[in-house]
$ cat input.csv   # CSV, C-alpha atoms
chain,number,residue,atom,x,y,z
A,3,MET,CA,17.3,8.0,-11.2
A,4,ILE,CA,15.7,4.6,-10.5
A,5,LYS,CA,13.4,2.8,-12.9
A,6,PRO,CA,10.0,1.3,-12.1
A,7,PHE,CA,10.1,-2.2,-10.7
A,8,THR,CA,7.8,-4.9,-9.5
A,9,SER,CA,7.9,-7.5,-6.7
A,10,LYS,CA,5.3,-10.2,-6.0
A,11,ILE,CA,3.7,-11.1,-2.7
A,12,SER,CA,3.1,-14.9,-2.5
A,13,THR,CA,0.2,-16.3,-0.4
A,14,PRO,CA,-0.2,-17.6,2.2
A,15,ASP,CA,3.4,-17.1,3.3
A,16,GLY,CA,3.6,-13.3,2.6
A,17,ARG,CA,7.1,-13.6,1.0
A,18,LEU,CA,8.0,-10.6,-1.3
A,19,THR,CA,10.0,-11.7,-4.3
A,20,PRO,CA,12.4,-10.2,-5.2
A,21,HIS,CA,13.2,-8.1,-2.1
A,22,HIS,CA,16.1,-6.0,-0.9
A,23,ASN,CA,16.1,-7.1,2.7
A,24,HIS,CA,14.7,-10.0,4.8
A,25,ILE,CA,14.5,-9.5,8.6
A,26,GLN,CA,13.9,-12.3,11.0
A,27,ARG,CA,13.1,-11.5,14.6
A,28,THR,CA,13.5,-14.3,17.1
A,29,LEU,CA,12.3,-14.4,20.8
A,30,SER,CA,15.8,-13.3,22.1
A,31,THR,CA,15.5,-10.0,20.3
A,32,MET,CA,12.2,-9.2,22.2
A,33,LYS,CA,13.8,-9.2,25.7
A,34,GLY,CA,11.7,-7.1,28.1
A,35,GLN,CA,8.8,-6.8,25.6
A,36,TYR,CA,6.5,-9.5,27.0
A,37,ALA,CA,4.8,-8.9,30.4
A,38,ASP,CA,5.2,-12.4,31.7
A,39,GLN,CA,9.0,-12.6,32.2
A,40,PRO,CA,9.1,-16.1,33.7
A,41,ALA,CA,7.1,-17.4,30.7
A,42,TYR,CA,9.5,-15.6,28.3
A,43,GLN,CA,12.6,-17.1,30.0
A,44,ALA,CA,11.1,-20.6,30.0
A,45,MET,CA,10.2,-20.4,26.3
A,46,LEU,CA,13.6,-19.0,25.4
A,47,ALA,CA,15.3,-21.9,27.3
A,48,GLN,CA,13.6,-24.2,24.9
A,49,GLY,CA,15.0,-22.4,21.8
A,50,ASP,CA,15.2,-19.0,20.1
A,51,GLN,CA,11.9,-19.2,18.2
A,52,LEU,CA,11.1,-17.1,15.2
A,53,ILE,CA,8.4,-14.6,16.1
A,54,TYR,CA,8.1,-12.4,13.0
A,55,GLU,CA,9.6,-11.6,9.6
A,56,VAL,CA,9.8,-8.6,7.3
A,57,TYR,CA,10.5,-8.5,3.6
A,58,GLU,CA,11.3,-5.0,2.4
A,59,ASN,CA,12.2,-3.0,-0.6
A,60,ARG,CA,14.6,-0.2,0.6
A,61,LEU,CA,14.4,3.1,-1.3
A,62,ALA,CA,16.3,6.3,-0.8
A,63,GLU,CA,15.6,7.8,2.7
A,64,ILE,CA,14.1,11.0,1.3
A,65,PRO,CA,10.5,12.2,1.7
A,66,GLY,CA,9.2,11.6,-1.9
A,67,GLU,CA,10.1,7.9,-1.9
A,68,LEU,CA,8.0,5.1,-0.3
A,69,GLN,CA,9.5,2.3,1.7
A,70,HIS,CA,7.4,-0.8,1.4
A,71,GLY,CA,7.2,-4.5,2.2
A,72,THR,CA,5.4,-7.3,4.0
A,73,SER,CA,5.3,-8.3,7.6
A,74,ILE,CA,4.6,-11.8,8.8
A,75,VAL,CA,3.8,-12.4,12.5
A,76,HIS,CA,3.7,-16.1,13.2
A,77,PRO,CA,1.0,-17.5,15.6
A,78,GLY,CA,1.9,-18.1,19.2
A,79,LYS,CA,1.9,-16.7,22.7
A,80,VAL,CA,4.5,-15.9,25.4
A,81,GLY,CA,2.5,-16.9,28.5
A,82,ASN,CA,-1.0,-15.6,27.6
A,83,GLU,CA,0.3,-12.6,25.5
A,84,TYR,CA,0.2,-13.0,21.7
A,85,PHE,CA,3.2,-13.0,19.4
A,86,MET,CA,3.8,-9.4,18.2
A,87,THR,CA,6.3,-7.1,16.5
A,88,LYS,CA,8.7,-4.9,18.4
A,89,GLY,CA,6.7,-1.9,17.5
A,90,HIS,CA,8.1,1.6,16.8
A,91,PHE,CA,7.6,5.3,16.4
A,92,HIS,CA,9.0,6.8,13.2
A,93,ASN,CA,12.2,8.8,13.6
A,94,VAL,CA,10.5,11.5,11.7
A,95,LEU,CA,7.5,11.5,14.0
A,96,GLU,CA,5.2,13.4,11.6
A,97,THR,CA,5.0,10.5,9.1
A,98,ALA,CA,2.1,8.1,8.6
A,99,GLU,CA,2.0,4.4,7.5
A,100,VAL,CA,-0.5,2.4,5.6
A,101,TYR,CA,-1.2,-1.3,6.2
A,102,TYR,CA,-3.2,-3.6,4.1
A,103,CYS,CA,-4.0,-7.0,5.7
A,104,LEU,CA,-3.6,-10.0,3.4
A,105,GLN,CA,-4.1,-12.9,5.8
A,106,GLY,CA,-4.8,-13.8,9.4
A,107,VAL,CA,-6.4,-11.9,12.2
A,108,GLY,CA,-4.9,-9.6,14.7
A,109,TYR,CA,-4.7,-6.0,16.0
A,110,MET,CA,-2.5,-3.0,15.4
A,111,MET,CA,-1.8,-1.5,18.8
A,112,MET,CA,-1.0,2.2,18.6
A,113,GLU,CA,-0.2,5.1,20.9
A,114,THR,CA,1.0,8.7,20.8
A,115,PRO,CA,3.7,10.4,22.8
A,116,GLU,CA,0.8,12.4,24.4
A,117,GLY,CA,-0.8,9.3,25.8
A,118,GLU,CA,-3.6,8.4,23.4
A,119,TRP,CA,-4.0,4.8,22.4
A,120,ALA,CA,-5.9,2.8,19.9
A,121,ALA,CA,-6.2,-0.9,18.8
A,122,GLU,CA,-7.6,-1.6,15.4
A,123,GLU,CA,-8.6,-5.0,14.2
A,124,LEU,CA,-6.8,-6.5,11.2
A,125,ALA,CA,-8.4,-9.1,8.9
A,126,PRO,CA,-8.0,-9.8,5.2
A,127,GLY,CA,-9.1,-6.8,3.1
A,128,VAL,CA,-8.6,-4.3,5.9
A,129,VAL,CA,-6.7,-1.1,5.1
A,130,LEU,CA,-5.4,0.6,8.2
A,131,TYR,CA,-4.2,4.2,8.4
A,132,VAL,CA,-1.6,4.9,11.1
A,133,PRO,CA,-1.5,8.7,11.2
A,134,PRO,CA,1.7,10.7,11.9
A,135,ARG,CA,2.8,10.5,15.6
A,136,TRP,CA,1.3,7.1,16.3
A,137,ALA,CA,3.7,4.2,17.4
A,138,HIS,CA,2.4,0.9,16.1
A,139,ARG,CA,2.8,-2.8,16.8
A,140,SER,CA,1.2,-5.8,15.0
A,141,ILE,CA,-0.3,-8.5,17.2
A,142,ASN,CA,-1.3,-11.9,15.9
A,143,VAL,CA,-4.4,-13.2,17.8
A,144,GLY,CA,-5.1,-16.1,15.3
A,145,ARG,CA,-3.8,-19.5,14.5
A,146,GLN,CA,-2.4,-18.6,11.0
A,147,ASP,CA,0.3,-16.1,10.1
A,148,LEU,CA,-0.8,-12.5,10.2
A,149,VAL,CA,0.4,-11.0,6.9
A,150,THR,CA,0.3,-7.3,6.1
A,151,PHE,CA,1.6,-5.1,3.3
A,152,PHE,CA,3.0,-1.8,4.6
A,153,ILE,CA,4.0,1.5,3.0
A,154,TYR,CA,5.6,4.5,4.7
A,155,PRO,CA,7.4,7.7,3.6
A,156,GLY,CA,11.0,7.2,2.5
A,157,ASP,CA,12.5,9.4,5.2
A,158,ALA,CA,10.4,8.1,8.2
A,159,GLY,CA,13.0,5.8,9.7
A,160,HIS,CA,12.4,3.7,12.9
A,161,ASP,CA,12.7,4.6,16.5
A,162,TYR,CA,12.6,1.2,18.3
A,163,GLY,CA,14.3,2.5,21.4
A,164,THR,CA,11.4,4.4,23.0
A,165,ILE,CA,9.2,1.3,23.0
A,166,GLU,CA,12.0,-1.1,24.0
A,167,THR,CA,12.6,1.1,27.1
A,168,ARG,CA,9.1,1.8,28.3
A,169,GLY,CA,6.8,-0.6,26.3
A,170,PHE,CA,3.3,0.2,25.0
A,171,ARG,CA,0.6,1.3,27.5
A,172,LYS,CA,-1.7,-1.6,26.5
A,173,ILE,CA,-1.0,-5.2,25.7
A,174,ILE,CA,-3.3,-8.0,24.3
A,175,VAL,CA,-3.6,-11.3,26.1
A,176,GLU,CA,-5.8,-14.3,25.6
A,177,GLN,CA,-8.5,-14.7,28.2
A,178,ASP,CA,-11.1,-17.4,28.0
A,179,GLY,CA,-10.0,-18.1,24.4
A,180,GLN,CA,-10.5,-14.4,23.4
A,181,PRO,CA,-8.2,-11.5,22.9
A,182,LEU,CA,-8.4,-9.0,25.7
A,183,VAL,CA,-6.8,-5.5,25.7
A,184,MET,CA,-5.4,-4.7,29.2
A,185,ASP,CA,-3.0,-2.2,30.8
A,186,ASN,CA,0.6,-3.2,30.5
A,187,PRO,CA,1.8,-4.0,34.0
A,188,ALA,CA,5.4,-3.3,32.9
A,189,TRP,CA,4.7,0.1,31.3
A,190,LEU,CA,7.1,2.8,32.4
A,191,GLU,CA,5.6,6.3,32.4
B,30,MET,CA,-4.6,15.4,15.2
B,31,ILE,CA,-6.4,12.5,13.4
B,32,LYS,CA,-6.9,9.1,14.9
B,33,PRO,CA,-6.1,5.7,13.3
B,34,PHE,CA,-8.9,4.5,11.1
B,35,THR,CA,-9.7,1.5,8.9
B,36,SER,CA,-11.5,0.9,5.6
B,37,LYS,CA,-12.1,-2.4,3.9
B,38,ILE,CA,-11.5,-3.4,0.3
B,39,SER,CA,-14.2,-5.8,-1.0
B,40,THR,CA,-13.5,-8.3,-3.7
B,41,PRO,CA,-14.0,-8.7,-6.6
B,42,ASP,CA,-15.4,-5.2,-7.1
B,43,GLY,CA,-12.6,-3.2,-5.4
B,44,ARG,CA,-14.9,-0.9,-3.4
B,45,LEU,CA,-13.3,0.8,-0.4
B,46,THR,CA,-15.7,1.1,2.5
B,47,PRO,CA,-16.0,3.6,4.0
B,48,HIS,CA,-14.2,6.1,1.8
B,49,HIS,CA,-13.9,9.9,1.6
B,50,ASN,CA,-14.4,10.2,-2.2
B,51,HIS,CA,-15.7,8.2,-5.1
B,52,ILE,CA,-14.6,9.2,-8.6
B,53,GLN,CA,-16.3,7.8,-11.8
B,54,ARG,CA,-14.7,8.6,-15.1
B,55,THR,CA,-16.8,8.1,-18.2
B,56,LEU,CA,-15.8,8.0,-21.8
B,57,SER,CA,-16.6,11.7,-22.3
B,58,THR,CA,-14.0,12.7,-19.8
B,59,MET,CA,-11.3,11.0,-21.9
B,60,LYS,CA,-11.6,13.2,-25.0
B,61,GLY,CA,-8.4,13.1,-27.1
B,62,GLN,CA,-6.9,10.3,-25.0
B,63,TYR,CA,-7.6,7.3,-27.4
B,64,ALA,CA,-5.7,7.1,-30.6
B,65,ASP,CA,-8.7,6.0,-32.8
B,66,GLN,CA,-10.9,9.1,-32.7
B,67,PRO,CA,-13.6,7.8,-35.1
B,68,ALA,CA,-14.0,4.7,-32.8
B,69,TYR,CA,-14.1,7.1,-29.8
B,70,GLN,CA,-16.9,9.2,-31.3
B,71,ALA,CA,-18.9,6.2,-32.5
B,72,MET,CA,-18.7,4.7,-29.0
B,73,LEU,CA,-19.6,7.9,-27.3
B,74,ALA,CA,-22.7,8.3,-29.6
B,75,GLN,CA,-24.0,5.1,-28.1
B,76,GLY,CA,-23.7,6.3,-24.5
B,77,ASP,CA,-21.3,7.8,-22.0
B,78,GLN,CA,-19.8,4.5,-20.7
B,79,LEU,CA,-18.1,4.2,-17.4
B,80,ILE,CA,-14.4,3.5,-18.0
B,81,TYR,CA,-12.9,3.6,-14.5
B,82,GLU,CA,-13.6,4.4,-10.8
B,83,VAL,CA,-11.5,5.5,-7.9
B,84,TYR,CA,-12.3,5.2,-4.2
B,85,GLU,CA,-10.1,7.3,-2.1
B,86,ASN,CA,-9.3,8.4,1.5
B,87,ARG,CA,-8.2,12.0,1.4
B,88,LEU,CA,-5.6,13.0,4.0
B,89,ALA,CA,-4.0,16.4,4.6
B,90,GLU,CA,-1.9,17.5,1.6
B,91,ILE,CA,1.4,17.5,3.5
B,92,PRO,CA,4.5,15.3,3.0
B,93,GLY,CA,4.1,13.0,6.0
B,94,GLU,CA,0.6,11.8,5.2
B,95,LEU,CA,-0.3,9.1,2.7
B,96,GLN,CA,-3.2,9.4,0.3
B,97,HIS,CA,-4.6,6.0,-0.6
B,98,GLY,CA,-7.4,4.1,-2.2
B,99,THR,CA,-8.5,1.7,-4.9
B,100,SER,CA,-8.7,2.0,-8.7
B,101,ILE,CA,-11.0,-0.1,-10.8
B,102,VAL,CA,-10.5,0.0,-14.6
B,103,HIS,CA,-13.4,-1.8,-16.3
B,104,PRO,CA,-12.7,-4.1,-19.2
B,105,GLY,CA,-13.3,-2.9,-22.8
B,106,LYS,CA,-11.7,-1.2,-25.7
B,107,VAL,CA,-12.0,2.0,-27.8
B,108,GLY,CA,-11.3,0.7,-31.3
B,109,ASN,CA,-8.4,-1.7,-30.5
B,110,GLU,CA,-7.1,0.3,-27.6
B,111,TYR,CA,-7.8,-1.0,-24.1
B,112,PHE,CA,-9.7,0.9,-21.4
B,113,MET,CA,-7.3,2.9,-19.3
B,114,THR,CA,-7.1,5.7,-16.7
B,115,LYS,CA,-6.3,9.3,-17.7
B,116,GLY,CA,-2.8,9.0,-16.3
B,117,HIS,CA,-0.9,11.8,-14.6
B,118,PHE,CA,2.3,13.2,-13.3
B,119,HIS,CA,2.4,14.2,-9.7
B,120,ASN,CA,2.3,18.0,-9.1
B,121,VAL,CA,5.2,17.5,-6.8
B,122,LEU,CA,7.2,15.6,-9.4
B,123,GLU,CA,9.7,14.1,-7.0
B,124,THR,CA,7.1,11.8,-5.3
B,125,ALA,CA,6.6,8.1,-5.8
B,126,GLU,CA,3.6,5.9,-5.8
B,127,VAL,CA,3.1,2.2,-4.8
B,128,TYR,CA,0.5,0.0,-6.4
B,129,TYR,CA,-0.7,-3.4,-5.3
B,130,CYS,CA,-2.7,-5.4,-7.8
B,131,LEU,CA,-5.7,-7.2,-6.3
B,132,GLN,CA,-7.5,-8.5,-9.4
B,133,GLY,CA,-7.3,-8.6,-13.1
B,134,VAL,CA,-4.5,-8.3,-15.6
B,135,GLY,CA,-3.1,-5.1,-17.2
B,136,TYR,CA,-0.2,-2.8,-17.5
B,137,MET,CA,1.1,0.3,-15.9
B,138,MET,CA,2.3,2.6,-18.7
B,139,MET,CA,4.9,5.1,-17.4
B,140,GLU,CA,7.2,7.8,-18.7
B,141,THR,CA,9.4,10.6,-17.5
B,142,PRO,CA,9.7,14.2,-18.7
B,143,GLU,CA,13.1,13.2,-20.0
B,144,GLY,CA,11.6,10.7,-22.5
B,145,GLU,CA,12.2,7.3,-20.8
B,146,TRP,CA,9.2,4.9,-20.8
B,147,ALA,CA,8.4,1.6,-19.2
B,148,ALA,CA,5.4,-0.7,-19.1
B,149,GLU,CA,5.1,-3.1,-16.2
B,150,GLU,CA,2.6,-6.0,-16.0
B,151,LEU,CA,0.0,-6.0,-13.3
B,152,ALA,CA,-1.6,-9.3,-12.0
B,153,PRO,CA,-2.9,-10.3,-8.6
B,154,GLY,CA,-0.1,-10.1,-5.9
B,155,VAL,CA,2.1,-7.8,-7.9
B,156,VAL,CA,3.6,-4.7,-6.1
B,157,LEU,CA,4.7,-2.0,-8.5
B,158,TYR,CA,7.0,0.9,-7.5
B,159,VAL,CA,6.5,4.0,-9.6
B,160,PRO,CA,9.5,6.1,-8.7
B,161,PRO,CA,9.5,9.9,-8.4
B,162,ARG,CA,9.2,11.7,-11.8
B,163,TRP,CA,7.3,8.9,-13.6
B,164,ALA,CA,3.8,9.6,-15.0
B,165,HIS,CA,1.6,6.6,-14.8
B,166,ARG,CA,-1.6,5.2,-16.4
B,167,SER,CA,-3.3,1.8,-15.6
B,168,ILE,CA,-4.5,-0.2,-18.7
B,169,ASN,CA,-6.8,-3.2,-18.4
B,170,VAL,CA,-6.0,-5.8,-21.0
B,171,GLY,CA,-8.2,-8.5,-19.5
B,172,ARG,CA,-11.9,-9.4,-19.4
B,173,GLN,CA,-12.4,-8.7,-15.7
B,174,ASP,CA,-12.0,-5.4,-13.8
B,175,LEU,CA,-8.4,-4.4,-13.1
B,176,VAL,CA,-8.3,-3.6,-9.4
B,177,THR,CA,-5.3,-1.9,-7.7
B,178,PHE,CA,-4.7,-0.5,-4.3
B,179,PHE,CA,-2.5,2.7,-4.4
B,180,ILE,CA,-0.6,4.8,-1.9
B,181,TYR,CA,1.3,8.1,-2.5
B,182,PRO,CA,2.7,11.0,-0.5
B,183,GLY,CA,0.2,13.4,1.0
B,184,ASP,CA,1.5,16.4,-0.9
B,185,ALA,CA,2.0,14.8,-4.3
B,186,GLY,CA,-1.1,16.1,-6.0
B,187,HIS,CA,-2.1,15.4,-9.6
B,188,ASP,CA,-1.0,17.0,-12.9
B,189,TYR,CA,-3.4,15.6,-15.5
B,190,GLY,CA,-2.9,18.5,-17.9
B,191,THR,CA,0.4,17.5,-19.3
B,192,ILE,CA,-0.9,14.1,-20.4
B,193,GLU,CA,-4.2,15.5,-21.6
B,194,THR,CA,-2.3,17.8,-23.8
B,195,ARG,CA,0.3,15.6,-25.3
B,196,GLY,CA,-0.6,12.0,-24.4
B,197,PHE,CA,1.8,9.2,-23.4
B,198,ARG,CA,4.6,8.2,-25.9
B,199,LYS,CA,3.3,4.6,-26.0
B,200,ILE,CA,-0.2,3.0,-26.1
B,201,ILE,CA,-1.3,-0.6,-25.7
B,202,VAL,CA,-3.6,-2.1,-28.3
B,203,GLU,CA,-5.0,-5.5,-29.0
B,204,GLN,CA,-3.5,-7.3,-32.0
B,205,ASP,CA,-4.3,-10.9,-32.8
B,206,GLY,CA,-5.9,-11.2,-29.4
B,207,GLN,CA,-2.8,-10.1,-27.5
B,208,PRO,CA,-1.7,-6.7,-26.0
B,209,LEU,CA,0.9,-4.9,-28.1
B,210,VAL,CA,2.9,-1.8,-27.0
B,211,MET,CA,3.2,0.6,-29.8
B,212,ASP,CA,4.1,4.3,-30.5
B,213,ASN,CA,1.2,6.7,-29.9
B,214,PRO,CA,0.5,8.1,-33.3
B,215,ALA,CA,-1.2,11.2,-31.6
B,216,TRP,CA,1.7,11.9,-29.3
B,217,LEU,CA,2.8,15.6,-29.2
B,218,GLU,CA,6.5,16.2,-28.6
$ encode --input "input.csv" --output "structure tokens"
Amino acid sequence: MIKPFTSKISTPDGRLTPHHNHIQRTLSTMKGQYADQPAYQAMLAQGDQLIYEVYENRLAEIPGELQHGTSIVHPGKVGNEYFMTKGHFHNVLETAEVYYCLQGVGYMMMETPEGEWAAEELAPGVVLYVPPRWAHRSINVGRQDLVTFFIYPGDAGHDYGTIETRGFRKIIVEQDGQPLVMDNPAWLE
Amino acid sequence: MIKPFTSKISTPDGRLTPHHNHIQRTLSTMKGQYADQPAYQAMLAQGDQLIYEVYENRLAEIPGELQHGTSIVHPGKVGNEYFMTKGHFHNVLETAEVYYCLQGVGYMMMETPEGEWAAEELAPGVVLYVPPRWAHRSINVGRQDLVTFFIYPGDAGHDYGTIETRGFRKIIVEQDGQPLVMDNPAWLE
């Protein structure tokens, strides 16, 4: 049986100390995810830039435990599409996730297997409930890091493959200096 | 199927807006919980003071959902024992809880049915993992409100009765201006 333990989230960088795992996702791991492929290739040719990071505490993968950590999406764009996470469904589809936004501004893009979609705004102090069945991706539309604290059931797991294959139905791009939700031209039904 | 939704936590008061439920616990609801009974009675005779508040979003009571909200323990003491929450086990004992401290300073007092205990310090930025099986109570040892954000599995439920009947093994009192963990003289084995 494990004992209670604490970590600390530092601001403004969102680092969780101590942590069990630190994930760094660079541009090359996001192949096929951005709508503007020429812009993606051109950016990648200049270097494999860091897009987002996750610090996590890993607990037993059983229902009563709670996985948790911080997500830091750095600011930037690929073409006119904002930096974002890969996004995923949970392997156990009927599991929720809670996000608490600590810093920055952005959106959580979400969709269900049945075709519903939703985009909720993230700003410091916002608590977002991602219900069971909703895939989710964080998108940073600001100039600072977008930092969130996340919690999900121990057994939920990640299904990245579905999104990698077909993308999200909607993307968020910058138009006239403002974020705009639009249909994903690359979405595969 | 529910849709994604957001609430916002305001600072420094810890109010969650909107919320499904607002709980206010006054001194009279804490009968038998403070070690110094004459001090408790004397304080109660002067008025039924507000000790702590909870703002919560209530989701379906099934494992894949996540109950969440904020807890605000006001500053104060009953005799030399700091203001605290009632404390509880989860009805489904094998369920964890995550706390993120937003403001104030305090402790989470925890214990298991098997007799282990632990007290972890809470301060802004601290993430606390309360593993399955650990009863937990927030204690405010500072002069401001102690504000935490909490998340636990949808089906966990609350068992307040066990703690109401026998108390926690340890209490935290002020001694020479400092918090001191000591044996609970009123604890029933």
$ closest_residue --input "input.csv" --among "A:Gly156, A:Pro187, A:Pro126, A:Pro133" --to "B:Pro33" --atoms "all atoms listed in the file"
A:Pro133
$ residues_around --input "input.csv" --residues "A:Lys79" --least-positions-apart "2" --cutoff "12 Å" --atoms "all atoms listed in the file" --output "PDB file with C-alpha atoms, in the frame of the given file"
ATOM      1  CA  LEU A  29      12.300 -14.400  20.800  1.00  0.00           C
ATOM      2  CA  TYR A  36       6.500  -9.500  27.000  1.00  0.00           C
ATOM      3  CA  ALA A  37       4.800  -8.900  30.400  1.00  0.00           C
ATOM      4  CA  ASP A  38       5.200 -12.400  31.700  1.00  0.00           C
ATOM      5  CA  ALA A  41       7.100 -17.400  30.700  1.00  0.00           C
ATOM      6  CA  TYR A  42       9.500 -15.600  28.300  1.00  0.00           C
ATOM      7  CA  MET A  45      10.200 -20.400  26.300  1.00  0.00           C
ATOM      8  CA  GLN A  51      11.900 -19.200  18.200  1.00  0.00           C
ATOM      9  CA  LEU A  52      11.100 -17.100  15.200  1.00  0.00           C
ATOM     10  CA  ILE A  53       8.400 -14.600  16.100  1.00  0.00           C
ATOM     11  CA  VAL A  75       3.800 -12.400  12.500  1.00  0.00           C
ATOM     12  CA  HIS A  76       3.700 -16.100  13.200  1.00  0.00           C
ATOM     13  CA  PRO A  77       1.000 -17.500  15.600  1.00  0.00           C
ATOM     14  CA  GLY A  81       2.500 -16.900  28.500  1.00  0.00           C
ATOM     15  CA  ASN A  82      -1.000 -15.600  27.600  1.00  0.00           C
ATOM     16  CA  GLU A  83       0.300 -12.600  25.500  1.00  0.00           C
ATOM     17  CA  TYR A  84       0.200 -13.000  21.700  1.00  0.00           C
ATOM     18  CA  PHE A  85       3.200 -13.000  19.400  1.00  0.00           C
ATOM     19  CA  MET A  86       3.800  -9.400  18.200  1.00  0.00           C
ATOM     20  CA  ILE A 141      -0.300  -8.500  17.200  1.00  0.00           C
ATOM     21  CA  ASN A 142      -1.300 -11.900  15.900  1.00  0.00           C
ATOM     22  CA  VAL A 143      -4.400 -13.200  17.800  1.00  0.00           C
ATOM     23  CA  GLY A 144      -5.100 -16.100  15.300  1.00  0.00           C
ATOM     24  CA  ARG A 145      -3.800 -19.500  14.500  1.00  0.00           C
ATOM     25  CA  ILE A 174      -3.300  -8.000  24.300  1.00  0.00           C
ATOM     26  CA  VAL A 175      -3.600 -11.300  26.100  1.00  0.00           C
ATOM     27  CA  GLU A 176      -5.800 -14.300  25.600  1.00  0.00           C
ATOM     28  CA  GLN A 177      -8.500 -14.700  28.200  1.00  0.00           C
ATOM     29  CA  PRO A 181      -8.200 -11.500  22.900  1.00  0.00           C
TER      30      PRO A 181
END
$ residues_around --input "input.csv" --residues "B:Gln70" --least-positions-apart "4" --cutoff "10 Å" --atoms "all atoms listed in the file" --output "list in words"
Leu56, Ser57, Lys60, Asp65, Gln66, Ala74, Gln75 and Val107 of chain B
$ closest_residue --input "input.csv" --among "B:Val156, B:Leu131, B:Val210, B:Val176" --to "chain A" --atoms "all atoms listed in the file"
B:Val156
$ atom_distance --input "input.csv" --atom1 "atom CA of B:Glu140" --atom2 "atom CA of B:Trp163"
5.2 Å
$ interface_residues --input "input.csv" --of "chain A" --to "chain B" --cutoff "7 Å" --atoms "only C-alpha atoms" --output "PyMOL selection string"
chain A and resi 4-12+65-68+96-98+127-134+155
$ atom_distance --input "input.csv" --atom1 "atom CA of A:Gly34" --atom2 "atom CA of A:Lys172"
14.6 Å
$ atom_distance --input "input.csv" --atom1 "atom CA of B:His48" --atom2 "atom CA of B:Glu85"
5.8 Å
$ closest_residue --input "input.csv" --among "A:Glu166, A:Asp50, A:Glu63, A:Asp147" --to "A:Trp189" --atoms "all atoms listed in the file"
A:Glu166
$ residues_around --input "input.csv" --residues "B:His165" --least-positions-apart "4" --cutoff "6 Å" --atoms "only C-alpha atoms" --output "list of chain:residue names"
B:Gly116, B:His117, B:Met138, B:Met139
